[in-house]
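One structure is given below, encoded as structure tokens.
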Amino acid sequence: MPEKAMKDMQVQQAVPKIRLSGITKVFSGVTALSDVSVDIFPGEVHAILGENGAGKSTLMNIISGVLTPEQGSVAFDGLTVSPISPEKAAGLGVSISYQHPAVLDDLSVFENLRVALPDRVFQGGDPETIARGMLDDVGLAVPLHLRADALTVAQKHLLEIAKALATRPPVLILDEPTAALDQDATEMLFDRIRTVVANGTAVIYITHRLAELRQIAHRVTVLRDGRVEGGALVRDVTDDDLMAMIVGRSLASAFPPKCADTAPATNFAVTALSGRKFHDIAFAVGRGQIIGIAGVEGNGQAQLMRALAGLEPWSGEVRLNGTPLTAAEVQGKSAYMPSDRHSEGIIADLTVRENATFSALDQLSRLGIINRRTERDEVARLFGSLAVKAPGLDAGILSLSGGNQQKVVMARALMSKPGFILADEPTQGVDVGARYEIYRILREVSQSGVPVIVNSSDAAELEGLCDIVIVLSRGRLAETLRGADVTEERIVAAAVKAQTHSAAAGAARAARQAAGRVQAFIQSDNATVAPLAVVVALLGLYVFSQNNNYFSAFNISNILLLATALGFIAMGQTIALLMGGIDLSVGPLAGFLVVVASFFINDGQSPQTIAMGFALMFAGALAVGTVNGLLIRFANFTPIAATLAMYIGLQGLSFVLRDGPDGYINFAVMDAIGWKLGPIPVAFLVLVAVALAAEWGLRAKRAGWQLRAIGSNENAARRIGIRVDRVAVAGYVAVALCTALGAIMLMVQIGVGDPQQGVSYTLASITAVVLGGTSLRGGRGTFIGTVMGAVLLTEVLNAVSFLGLSQTYQYLFQGVLILAAALIYSTARSRSTT
């Protein structure tokens, strides 16, 4: 018996690694999967095909534990597992590379690996060396400590693949892994897949590219409208059979006919075009022609497209129908379809209809009033031609599959009636049937006289679609291919063999590396500490020049003691903001805890009673933090609503316990807590030590990575297996416990239970956190910066008194500091990514 036939028989007799039986999944009354049954065998690549919305990603999310089916069962090695969670799936050896990478932009590349992978992966050697090896395995040459938001879409896909391969999993799910990869990266991935399959791994491979199916897969299953349409060994099924199963019809040709005119009148041309990462580009395209941009990823293609869209500065000349365009005109006349639809292509909070029409509102309105009927008719017409599958025009855009979201982006570009269209990876993540429609529409648009420029990493796509292809290398034009020369082989050869470079390339590369180190520091969360320290020093010197008593031991001690109370409370606020939330209750909580302490920590009380007072302070904080966390995570309160309700409740309870200042704090306790080493309070040194320890935990411990992960991207954090709700509740408990430490210092300052004290610390804590450089959007922050912010804010308030200014200046200076900090930090970080 032939070896291949024997292997096929062995596979057929093997026990499936995964058996899906009768899987049904429903979303808001819409059936995404219906009675799906599939067997996945070890040592085999099983391809899953289907149009966008067919249920492929939903099925993978069920296997990986992200979703739970309404009906059906999932069995691993013959044992039924129910229910499945991401943690349980990971324990069973399931590793997944998502179509939309679960990459956390606010964490570094190294931290993305550490938070997503189990600790055992990094044992037996230096973690950074092991991480570097993971990246090298997939050809990802980026610094480990580069923040992930600086990665390109392709690099994020490679990082996602590196995570999936790192655990050497028995089950590997790859969802559209090559959507953003060039040919070299695709070949590298296929080699890695063949290696793991040879070692017995069961690979589930989702793709829209039939050519990839022939290269890598052993077996194929086709889904259509949430049902299994058919399945077979790849060698036993033809492309026409697969197309008929995928779209319910056969496609005569994947690409429409090209422009028949060999010398059409030029309608779009660029000359000596230069910008970020591209130089001296020149090309021209005629009516009815489509021009493609090719090259190995990272050679300036994306920057050229963004410049032509008016999103990045450029120099040179751009002509549309013979007329030179200014930068403003380029932006106004272009319709840009970005490759990264999630960050640039769609607005998550808008509906499907609103995402399709917001660039064409002027054309759909009269006297500023939108004609809803015209809008709906136009959207429905375009959606019909693009075969967009949506629950309704007013459904949320995120309810659509990734490919259908891409079609909405294209519909918006067409509706704006642009002067020219820029399609950056237009079919990325789009099924084969819809690709045909996109190609057809791009060709029709070109034939109508609207220039079309396409950037694609798929050389076969450029060959079939484009009349002209320019190949970039190191940001310069390496070759221009026309007519019969536009072939996949010529495109790839031109890209990989080009040696074009400027004479100053070496010097420029060294300059970029030096600039990169500066940018890496500016981009780091702790970059704020240095400028804050300078401001603190300069302000102190200025006030001292006006008042010689400013640097007295008493005043320094007073500033640091006040900063300690604020610092602890602001550290708690930092935790809330890192999670993407906020805690408005910290001020009233601090005041309430001091009121509670005033009943127990008094003169004449026994040590046991005093200890009970401290215990009650922390117990109260624990209860408040737990309630805040539960309200936010399980009662669907927003952080503002939950903590504002707690703010009001705590403040009212403080007045119930004390209607005015009463219950004086034990002097011996106050002296002990306020003990000083020279002019420096020991409590301030404790604050600094706690901040340093917390900062270390934030950067080097899984709890810190998880905290920042849910603030960076909660959905991605959930997909990589983080127990988001548990981490969030624990985070709000930590906020309250930090506030309890601040309350102890507040107790030392005021020495009495006063229900009116503490309220101002809510705003002050937010101010200190913003000054310290923590992002209000979550994911980024620094405890060290927060402490510096608390010191600066306290110093400002103290300086106002020493300068003899009115209290109005306290608020004025606070406002100026916050605005300045926000502007400086946001500007520095935005520049560091360009």
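Identifiers for the structure tokens are assigned positionally: chains receive A, B, ... in sequence, residues are indexed from 1 per chain, and ligands are indexed from 1 in the order shown.
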
Tell me, as a PyMOL selection string, which residues lie within 7 Å of A:Ile173, counting only C-alpha atoms; anything in the same chain fewer than 3 positions away does not count.
chain A and resi 95-97+203-205

Create the file for the chosen residues now, containing all heavy atoms and written as a compact mmCIF listing (two decimals), in the first residue's frame.
```txt
# COMPACT_ATOMS: atom_id res chain seq x y z
N SER A 95 -4.25 26.63 21.79
CA SER A 95 -3.59 27.93 21.60
C SER A 95 -4.16 28.54 20.33
O SER A 95 -4.32 27.85 19.32
CB SER A 95 -2.08 27.75 21.48
OG SER A 95 -1.42 28.99 21.40
N ILE A 96 -4.47 29.84 20.38
CA ILE A 96 -5.15 30.47 19.26
C ILE A 96 -4.47 31.77 18.86
O ILE A 96 -4.04 32.55 19.72
CB ILE A 96 -6.65 30.73 19.60
CG1 ILE A 96 -7.38 31.35 18.39
CG2 ILE A 96 -6.81 31.59 20.84
CD1 ILE A 96 -8.89 31.36 18.56
N SER A 97 -4.36 31.97 17.55
CA SER A 97 -3.92 33.23 16.98
C SER A 97 -5.14 33.87 16.34
O SER A 97 -5.69 33.34 15.37
CB SER A 97 -2.83 33.00 15.93
OG SER A 97 -2.56 34.19 15.21
N VAL A 203 -3.89 21.27 13.84
CA VAL A 203 -3.95 22.67 13.45
C VAL A 203 -5.29 22.96 12.78
O VAL A 203 -5.67 22.27 11.82
CB VAL A 203 -2.80 23.05 12.50
CG1 VAL A 203 -2.93 24.49 12.04
CG2 VAL A 203 -1.46 22.83 13.20
N ILE A 204 -5.99 23.95 13.29
CA ILE A 204 -7.22 24.43 12.65
C ILE A 204 -6.87 25.74 11.97
O ILE A 204 -6.43 26.69 12.62
CB ILE A 204 -8.34 24.65 13.68
CG1 ILE A 204 -8.58 23.35 14.47
CG2 ILE A 204 -9.63 25.10 13.00
CD1 ILE A 204 -9.56 23.51 15.62
N TYR A 205 -7.07 25.79 10.66
CA TYR A 205 -6.58 26.91 9.86
C TYR A 205 -7.75 27.56 9.13
O TYR A 205 -8.38 26.95 8.26
CB TYR A 205 -5.55 26.40 8.85
CG TYR A 205 -4.77 27.48 8.13
CD1 TYR A 205 -3.55 27.92 8.63
CD2 TYR A 205 -5.24 28.05 6.96
CE1 TYR A 205 -2.81 28.89 7.98
CE2 TYR A 205 -4.52 29.03 6.30
CZ TYR A 205 -3.31 29.45 6.81
OH TYR A 205 -2.59 30.42 6.17
```

So that I can check the surroundings of stretch 112-126 of chain A, please list as an mmCIF file with N, CA, C and O atoms, in the first residue's frame every protein, DNA and RNA residue that reaches within 9 Å of it, counting only C-alpha atoms and ignoring chain neighbours fewer than 2 positions away.
```
data_model
loop_
_atom_site.group_PDB
_atom_site.id
_atom_site.type_symbol
_atom_site.label_atom_id
_atom_site.label_comp_id
_atom_site.auth_asym_id
_atom_site.auth_seq_id
_atom_site.Cartn_x
_atom_site.Cartn_y
_atom_site.Cartn_z
ATOM 1 N N VAL A 103 -3.560 41.881 21.004
ATOM 2 C CA VAL A 103 -2.341 42.571 21.402
ATOM 3 C C VAL A 103 -2.725 43.792 22.219
ATOM 4 O O VAL A 103 -3.627 44.548 21.842
ATOM 5 N N LEU A 104 -2.065 43.988 23.332
ATOM 6 C CA LEU A 104 -2.358 45.086 24.254
ATOM 7 C C LEU A 104 -1.425 46.243 23.944
ATOM 8 O O LEU A 104 -0.228 46.191 24.212
ATOM 9 N N ASP A 105 -1.975 47.296 23.347
ATOM 10 C CA ASP A 105 -1.154 48.389 22.832
ATOM 11 C C ASP A 105 -0.354 49.108 23.905
ATOM 12 O O ASP A 105 0.712 49.650 23.633
ATOM 13 N N LEU A 107 1.042 47.878 26.561
ATOM 14 C CA LEU A 107 2.107 47.055 27.130
ATOM 15 C C LEU A 107 3.213 46.882 26.088
ATOM 16 O O LEU A 107 2.972 47.017 24.887
ATOM 17 N N SER A 108 4.399 46.591 26.555
ATOM 18 C CA SER A 108 5.505 46.354 25.637
ATOM 19 C C SER A 108 5.338 44.987 24.967
ATOM 20 O O SER A 108 4.503 44.169 25.376
ATOM 21 N N VAL A 109 6.145 44.740 23.953
ATOM 22 C CA VAL A 109 6.127 43.440 23.278
ATOM 23 C C VAL A 109 6.427 42.333 24.285
ATOM 24 O O VAL A 109 5.739 41.297 24.329
ATOM 25 N N PHE A 110 7.430 42.551 25.121
ATOM 26 C CA PHE A 110 7.798 41.550 26.130
ATOM 27 C C PHE A 110 6.660 41.324 27.119
ATOM 28 O O PHE A 110 6.328 40.182 27.454
ATOM 29 N N GLU A 128 13.936 37.219 28.993
ATOM 30 C CA GLU A 128 14.060 38.055 27.805
ATOM 31 C C GLU A 128 14.724 37.301 26.658
ATOM 32 O O GLU A 128 14.353 37.488 25.493
ATOM 33 N N THR A 129 15.671 36.445 26.979
ATOM 34 C CA THR A 129 16.310 35.637 25.941
ATOM 35 C C THR A 129 15.303 34.666 25.328
ATOM 36 O O THR A 129 15.266 34.467 24.103
ATOM 37 N N ILE A 130 14.474 34.071 26.184
ATOM 38 C CA ILE A 130 13.444 33.153 25.693
ATOM 39 C C ILE A 130 12.438 33.905 24.818
ATOM 40 O O ILE A 130 12.037 33.426 23.747
ATOM 41 N N ALA A 131 12.037 35.092 25.267
ATOM 42 C CA ALA A 131 11.098 35.901 24.490
ATOM 43 C C ALA A 131 11.699 36.293 23.148
ATOM 44 O O ALA A 131 11.014 36.271 22.114
ATOM 45 N N ALA A 148 3.624 48.173 22.237
ATOM 46 C CA ALA A 148 2.968 47.466 21.132
ATOM 47 C C ALA A 148 2.187 48.383 20.210
ATOM 48 O O ALA A 148 1.916 48.015 19.066
ATOM 49 N N LEU A 159 3.333 38.861 16.180
ATOM 50 C CA LEU A 159 3.382 38.723 17.636
ATOM 51 C C LEU A 159 2.299 37.758 18.112
ATOM 52 O O LEU A 159 2.535 36.923 18.995
ATOM 53 N N ALA A 162 3.473 34.332 17.312
ATOM 54 C CA ALA A 162 4.542 33.936 18.242
ATOM 55 C C ALA A 162 3.948 33.447 19.561
ATOM 56 O O ALA A 162 4.411 32.445 20.125
ATOM 57 N N LYS A 163 2.943 34.138 20.067
ATOM 58 C CA LYS A 163 2.290 33.703 21.311
ATOM 59 C C LYS A 163 1.648 32.333 21.137
ATOM 60 O O LYS A 163 1.719 31.474 22.030
ATOM 61 N N ALA A 164 0.992 32.131 19.982
ATOM 62 C CA ALA A 164 0.291 30.867 19.759
ATOM 63 C C ALA A 164 1.258 29.690 19.668
ATOM 64 O O ALA A 164 0.960 28.587 20.138
ATOM 65 N N ALA A 166 4.305 29.525 21.036
ATOM 66 C CA ALA A 166 5.271 29.458 22.137
ATOM 67 C C ALA A 166 5.044 28.286 23.075
ATOM 68 O O ALA A 166 5.997 27.742 23.639
ATOM 69 N N THR A 167 3.789 27.885 23.268
ATOM 70 C CA THR A 167 3.490 26.831 24.241
ATOM 71 C C THR A 167 3.616 25.425 23.647
ATOM 72 O O THR A 167 3.361 24.451 24.346
ATOM 73 N N LYS A 701 5.439 41.886 37.390
ATOM 74 C CA LYS A 701 4.615 40.828 37.947
ATOM 75 C C LYS A 701 3.327 40.670 37.146
ATOM 76 O O LYS A 701 2.802 41.626 36.596
ATOM 77 N N ARG A 702 2.829 39.447 37.102
ATOM 78 C CA ARG A 702 1.626 39.154 36.316
ATOM 79 C C ARG A 702 0.438 39.997 36.767
ATOM 80 O O ARG A 702 -0.360 40.451 35.929
ATOM 81 N N ALA A 703 0.303 40.228 38.067
ATOM 82 C CA ALA A 703 -0.818 41.037 38.548
ATOM 83 C C ALA A 703 -0.769 42.442 37.958
ATOM 84 O O ALA A 703 -1.805 43.010 37.577
ATOM 85 N N TRP A 705 0.728 43.336 35.080
ATOM 86 C CA TRP A 705 0.441 43.254 33.640
ATOM 87 C C TRP A 705 -1.058 43.101 33.413
ATOM 88 O O TRP A 705 -1.630 43.717 32.512
ATOM 89 N N GLN A 706 -1.702 42.291 34.243
ATOM 90 C CA GLN A 706 -3.141 42.077 34.078
ATOM 91 C C GLN A 706 -3.918 43.351 34.369
ATOM 92 O O GLN A 706 -4.897 43.663 33.679
ATOM 93 N N ALA A 709 -3.534 45.461 31.470
ATOM 94 C CA ALA A 709 -4.130 44.835 30.290
ATOM 95 C C ALA A 709 -5.614 45.155 30.173
ATOM 96 O O ALA A 709 -6.097 45.486 29.085
ATOM 97 N N ALA A 717 -7.814 41.394 26.640
ATOM 98 C CA ALA A 717 -7.408 40.782 27.911
ATOM 99 C C ALA A 717 -8.242 39.541 28.209
ATOM 100 O O ALA A 717 -7.720 38.514 28.659
ATOM 101 N N ILE A 720 -7.145 36.528 26.006
ATOM 102 C CA ILE A 720 -5.895 35.841 26.348
ATOM 103 C C ILE A 720 -5.986 35.120 27.690
ATOM 104 O O ILE A 720 -4.990 34.594 28.185
ATOM 105 N N GLY A 721 -7.195 35.098 28.256
ATOM 106 C CA GLY A 721 -7.412 34.279 29.446
ATOM 107 C C GLY A 721 -7.369 34.999 30.773
ATOM 108 O O GLY A 721 -7.435 34.363 31.827
ATOM 109 N N ILE A 722 -7.284 36.328 30.774
ATOM 110 C CA ILE A 722 -7.296 37.076 32.033
ATOM 111 C C ILE A 722 -8.711 37.082 32.602
ATOM 112 O O ILE A 722 -9.677 37.348 31.884
#
```

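Of note, atom CA of A:Pro418 and atom CA of A:Glu329 are spaced 11.2 Å apart.
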
If you count only C-alpha atoms, which residues fall within 12 Å of A:Asp377, apart from same-chain ones fewer than 5 positions away, as a count of residues only?
10

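Distances from A:Val430, A:Val769, A:Val686, A:Ala623 to A:Ile582 were compared using only C-alpha atoms, and the smallest one belongs to A:Val769.
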
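Our summary of the geometry notes that atom CA of A:Val733 is positioned 29.5 Å from atom CA of A:Asp149.
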
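Every protein or nucleic acid residue with an atom no more than 8 Å from stretch 687-690 of chain A, counting only C-alpha atoms and leaving out same-chain residues fewer than 4 positions away, appears here: Thr564, Gly567, Phe568, Ala683, Ala694, Ile784 and Val787 of chain A.
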
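Within 10 Å of A:Thr80, once only C-alpha atoms are used and residues closer than 6 positions along the same chain are dropped, the contacting residues are Ile18, Arg19, Leu20, Ser73 and Val74 of chain A.
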
Put those residues in a file: N, CA and C atoms, as a compact mmCIF listing (two decimals), in the first residue's frame.
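Written output follows (again22.txt):
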```txt
# COMPACT_ATOMS: atom_id res chain seq x y z
N ILE A 18 -10.22 16.79 18.70
CA ILE A 18 -11.40 17.57 19.10
C ILE A 18 -12.59 17.06 18.30
N ARG A 19 -13.69 16.83 18.98
CA ARG A 19 -14.94 16.46 18.30
C ARG A 19 -16.02 17.47 18.69
N LEU A 20 -16.50 18.19 17.69
CA LEU A 20 -17.59 19.13 17.88
C LEU A 20 -18.87 18.45 17.42
N SER A 73 -21.90 19.72 22.10
CA SER A 73 -20.83 19.38 23.03
C SER A 73 -19.48 19.47 22.32
N VAL A 74 -18.44 19.67 23.14
CA VAL A 74 -17.06 19.70 22.66
C VAL A 74 -16.28 18.65 23.44
```

Of the candidates A:Leu657, A:Val270, A:Ala211, A:Leu386, which one gets nearest to A:Ala460 if we count only C-alpha atoms?
A:Ala211

Select from stretch 255-330 of chain A everything DSSP, run on the backbone, classes as strand (DSSP E or B), then give the selection as a PyMOL selection string.
chain A and resi 266-275+278-286+290-294+314-320+323-324

Go ahead and write the selection's residues with N, CA and C atoms as a CSV table (one decimal), in the first residue's frame.
```csv
chain,number,residue,atom,x,y,z
A,266,THR,N,-3.8,60.2,-18.9
A,266,THR,CA,-3.5,60.2,-17.5
A,266,THR,C,-4.5,61.0,-16.6
A,267,ASN,N,-5.0,60.4,-15.6
A,267,ASN,CA,-5.8,61.2,-14.7
A,267,ASN,C,-5.3,61.3,-13.3
A,268,PHE,N,-4.2,60.7,-13.0
A,268,PHE,CA,-3.6,60.9,-11.6
A,268,PHE,C,-2.1,60.6,-11.8
A,269,ALA,N,-1.3,61.5,-11.2
A,269,ALA,CA,0.2,61.4,-11.3
A,269,ALA,C,0.8,62.1,-10.1
A,270,VAL,N,1.9,61.5,-9.6
A,270,VAL,CA,2.7,62.1,-8.6
A,270,VAL,C,4.2,62.2,-9.1
A,271,THR,N,4.8,63.3,-8.7
A,271,THR,CA,6.2,63.5,-9.1
A,271,THR,C,7.0,63.9,-7.9
A,272,ALA,N,8.2,63.3,-7.7
A,272,ALA,CA,9.2,63.7,-6.6
A,272,ALA,C,8.5,63.7,-5.3
A,273,LEU,N,7.6,62.7,-5.0
A,273,LEU,CA,6.9,62.7,-3.8
A,273,LEU,C,7.7,62.1,-2.7
A,274,SER,N,7.9,62.8,-1.6
A,274,SER,CA,8.7,62.4,-0.5
A,274,SER,C,7.9,62.6,0.8
A,275,GLY,N,8.2,61.7,1.8
A,275,GLY,CA,7.6,61.9,3.1
A,275,GLY,C,8.2,60.9,4.1
A,278,PHE,N,9.5,57.3,2.8
A,278,PHE,CA,9.5,57.2,1.3
A,278,PHE,C,10.1,58.4,0.7
A,279,HIS,N,10.7,58.2,-0.5
A,279,HIS,CA,11.5,59.3,-1.1
A,279,HIS,C,11.4,59.3,-2.6
A,280,ASP,N,11.2,60.4,-3.2
A,280,ASP,CA,11.3,60.6,-4.6
A,280,ASP,C,10.5,59.6,-5.4
A,281,ILE,N,9.2,59.5,-5.1
A,281,ILE,CA,8.3,58.6,-5.7
A,281,ILE,C,7.6,59.3,-6.9
A,282,ALA,N,7.6,58.6,-8.0
A,282,ALA,CA,6.9,59.1,-9.2
A,282,ALA,C,6.1,58.0,-9.9
A,283,PHE,N,4.9,58.3,-10.3
A,283,PHE,CA,4.1,57.3,-11.1
A,283,PHE,C,2.9,58.0,-11.7
A,284,ALA,N,2.3,57.4,-12.7
A,284,ALA,CA,1.1,58.0,-13.3
A,284,ALA,C,0.2,56.9,-13.7
A,285,VAL,N,-1.1,57.1,-13.6
A,285,VAL,CA,-2.1,56.1,-13.9
A,285,VAL,C,-3.1,56.8,-14.8
A,286,GLY,N,-3.6,56.0,-15.8
A,286,GLY,CA,-4.6,56.5,-16.8
A,286,GLY,C,-6.0,56.1,-16.4
A,290,ILE,N,-5.8,50.6,-12.8
A,290,ILE,CA,-5.6,50.5,-11.4
A,290,ILE,C,-4.1,50.3,-11.1
A,291,ILE,N,-3.6,51.1,-10.3
A,291,ILE,CA,-2.2,51.0,-10.0
A,291,ILE,C,-2.0,50.4,-8.6
A,292,GLY,N,-1.0,49.4,-8.5
A,292,GLY,CA,-0.8,48.7,-7.2
A,292,GLY,C,0.6,49.1,-6.7
A,293,ILE,N,0.7,49.1,-5.3
A,293,ILE,CA,1.9,49.4,-4.6
A,293,ILE,C,2.3,48.1,-4.0
A,294,ALA,N,3.6,47.7,-4.2
A,294,ALA,CA,4.1,46.4,-3.7
A,294,ALA,C,5.4,46.6,-3.0
A,314,TRP,N,3.8,65.6,3.3
A,314,TRP,CA,4.6,65.2,2.1
A,314,TRP,C,5.1,66.4,1.3
A,315,SER,N,6.0,66.2,0.5
A,315,SER,CA,6.5,67.2,-0.4
A,315,SER,C,6.5,66.6,-1.8
A,316,GLY,N,6.5,67.5,-2.8
A,316,GLY,CA,6.5,67.0,-4.2
A,316,GLY,C,5.2,67.5,-4.9
A,317,GLU,N,4.7,66.8,-5.9
A,317,GLU,CA,3.6,67.2,-6.6
A,317,GLU,C,2.6,66.1,-6.8
A,318,VAL,N,1.3,66.4,-6.6
A,318,VAL,CA,0.2,65.4,-6.9
A,318,VAL,C,-0.7,66.1,-7.8
A,319,ARG,N,-1.0,65.4,-9.0
A,319,ARG,CA,-1.9,66.0,-10.0
A,319,ARG,C,-3.1,65.1,-10.2
A,320,LEU,N,-4.3,65.7,-10.1
A,320,LEU,CA,-5.5,65.0,-10.4
A,320,LEU,C,-6.2,65.6,-11.7
A,323,THR,N,-4.5,68.8,-12.8
A,323,THR,CA,-4.5,69.9,-11.9
A,323,THR,C,-3.7,69.6,-10.6
A,324,PRO,N,-2.7,70.4,-10.3
A,324,PRO,CA,-1.9,70.2,-9.0
A,324,PRO,C,-2.8,70.4,-7.8
```

Atom-to-atom span, atom CA of A:Ile421 and atom CA of A:Gln301, Å
15.3 Å

Which polymer residues have any atom within 9 Å of an atom of A:Ile216, counting only C-alpha atoms, with same-chain residues fewer than 2 positions away left out, as an MDAnalysis selection string?
chainID A and resid 45 47 190 193:194 205 212:214 218

Fewer than 5 positions away in the same chain doesn't count, so skip those; otherwise give me all residues within 10 Å of A:Thr427, counting only C-alpha atoms, as a PyMOL selection string.
chain A and resi 179+208+339+403+406-407+410+432+434-436+438-439+456+458+461

Let's have the selection written as a tab-separated table (two decimals), in the first residue's frame, with N, CA and C atoms.
```tsv
chain	number	residue	atom	x	y	z
A	179	ALA	N	-3.38	37.23	6.79
A	179	ALA	CA	-4.13	38.34	6.21
A	179	ALA	C	-3.27	39.58	6.01
A	208	HIS	N	-9.29	32.59	3.71
A	208	HIS	CA	-10.12	32.89	2.56
A	208	HIS	C	-9.37	32.64	1.26
A	339	SER	N	-5.84	49.87	6.26
A	339	SER	CA	-5.65	48.43	6.48
A	339	SER	C	-6.08	48.02	7.88
A	403	GLY	N	-14.83	40.80	8.13
A	403	GLY	CA	-14.91	41.05	6.71
A	403	GLY	C	-16.04	41.98	6.34
A	406	GLN	N	-15.09	45.47	6.95
A	406	GLN	CA	-14.26	45.98	5.87
A	406	GLN	C	-15.12	46.44	4.70
A	407	LYS	N	-16.18	45.73	4.42
A	407	LYS	CA	-17.06	46.12	3.33
A	407	LYS	C	-17.77	47.44	3.64
A	410	MET	N	-15.45	50.17	2.80
A	410	MET	CA	-15.42	50.40	1.36
A	410	MET	C	-16.67	51.15	0.91
A	432	VAL	N	-13.76	34.93	-0.18
A	432	VAL	CA	-13.49	34.87	-1.61
A	432	VAL	C	-14.63	35.43	-2.44
A	434	ALA	N	-16.83	37.81	-1.57
A	434	ALA	CA	-16.85	39.27	-1.45
A	434	ALA	C	-15.64	39.90	-2.13
A	435	ARG	N	-14.52	39.18	-2.18
A	435	ARG	CA	-13.35	39.71	-2.89
A	435	ARG	C	-13.70	39.98	-4.36
A	436	TYR	N	-14.42	39.05	-4.96
A	436	TYR	CA	-14.80	39.23	-6.35
A	436	TYR	C	-15.61	40.51	-6.50
A	438	ILE	N	-15.55	43.17	-4.53
A	438	ILE	CA	-14.67	44.32	-4.29
A	438	ILE	C	-13.81	44.60	-5.52
A	439	TYR	N	-13.24	43.54	-6.10
A	439	TYR	CA	-12.45	43.72	-7.32
A	439	TYR	C	-13.30	44.33	-8.44
A	456	SER	N	-1.16	46.29	-1.47
A	456	SER	CA	-1.48	44.92	-1.04
A	456	SER	C	-0.20	44.14	-0.81
A	458	ASP	N	-0.39	40.93	-1.01
A	458	ASP	CA	-0.67	39.72	-1.78
A	458	ASP	C	-0.28	39.96	-3.24
A	461	GLU	N	-2.83	38.97	-5.82
A	461	GLU	CA	-3.92	39.94	-5.93
A	461	GLU	C	-3.52	41.10	-6.81
```

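Counting only C-alpha atoms, the residue from A:Ile347, A:Ile206, A:Ala736, A:Ala102 that sits nearest to A:Thr626 is A:Ala736.
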
DSSP on the backbone: what in stretch 149-198 of chain A comes out helix (DSSP H, G or I), as a ChimeraX atom specification?
/A:149-150,153-166,183-198

Nearest residue to A:Asn199 from the set A:Arg482, A:Arg168, A:Lys88, A:Arg147 (distances using only C-alpha atoms):
A:Arg168
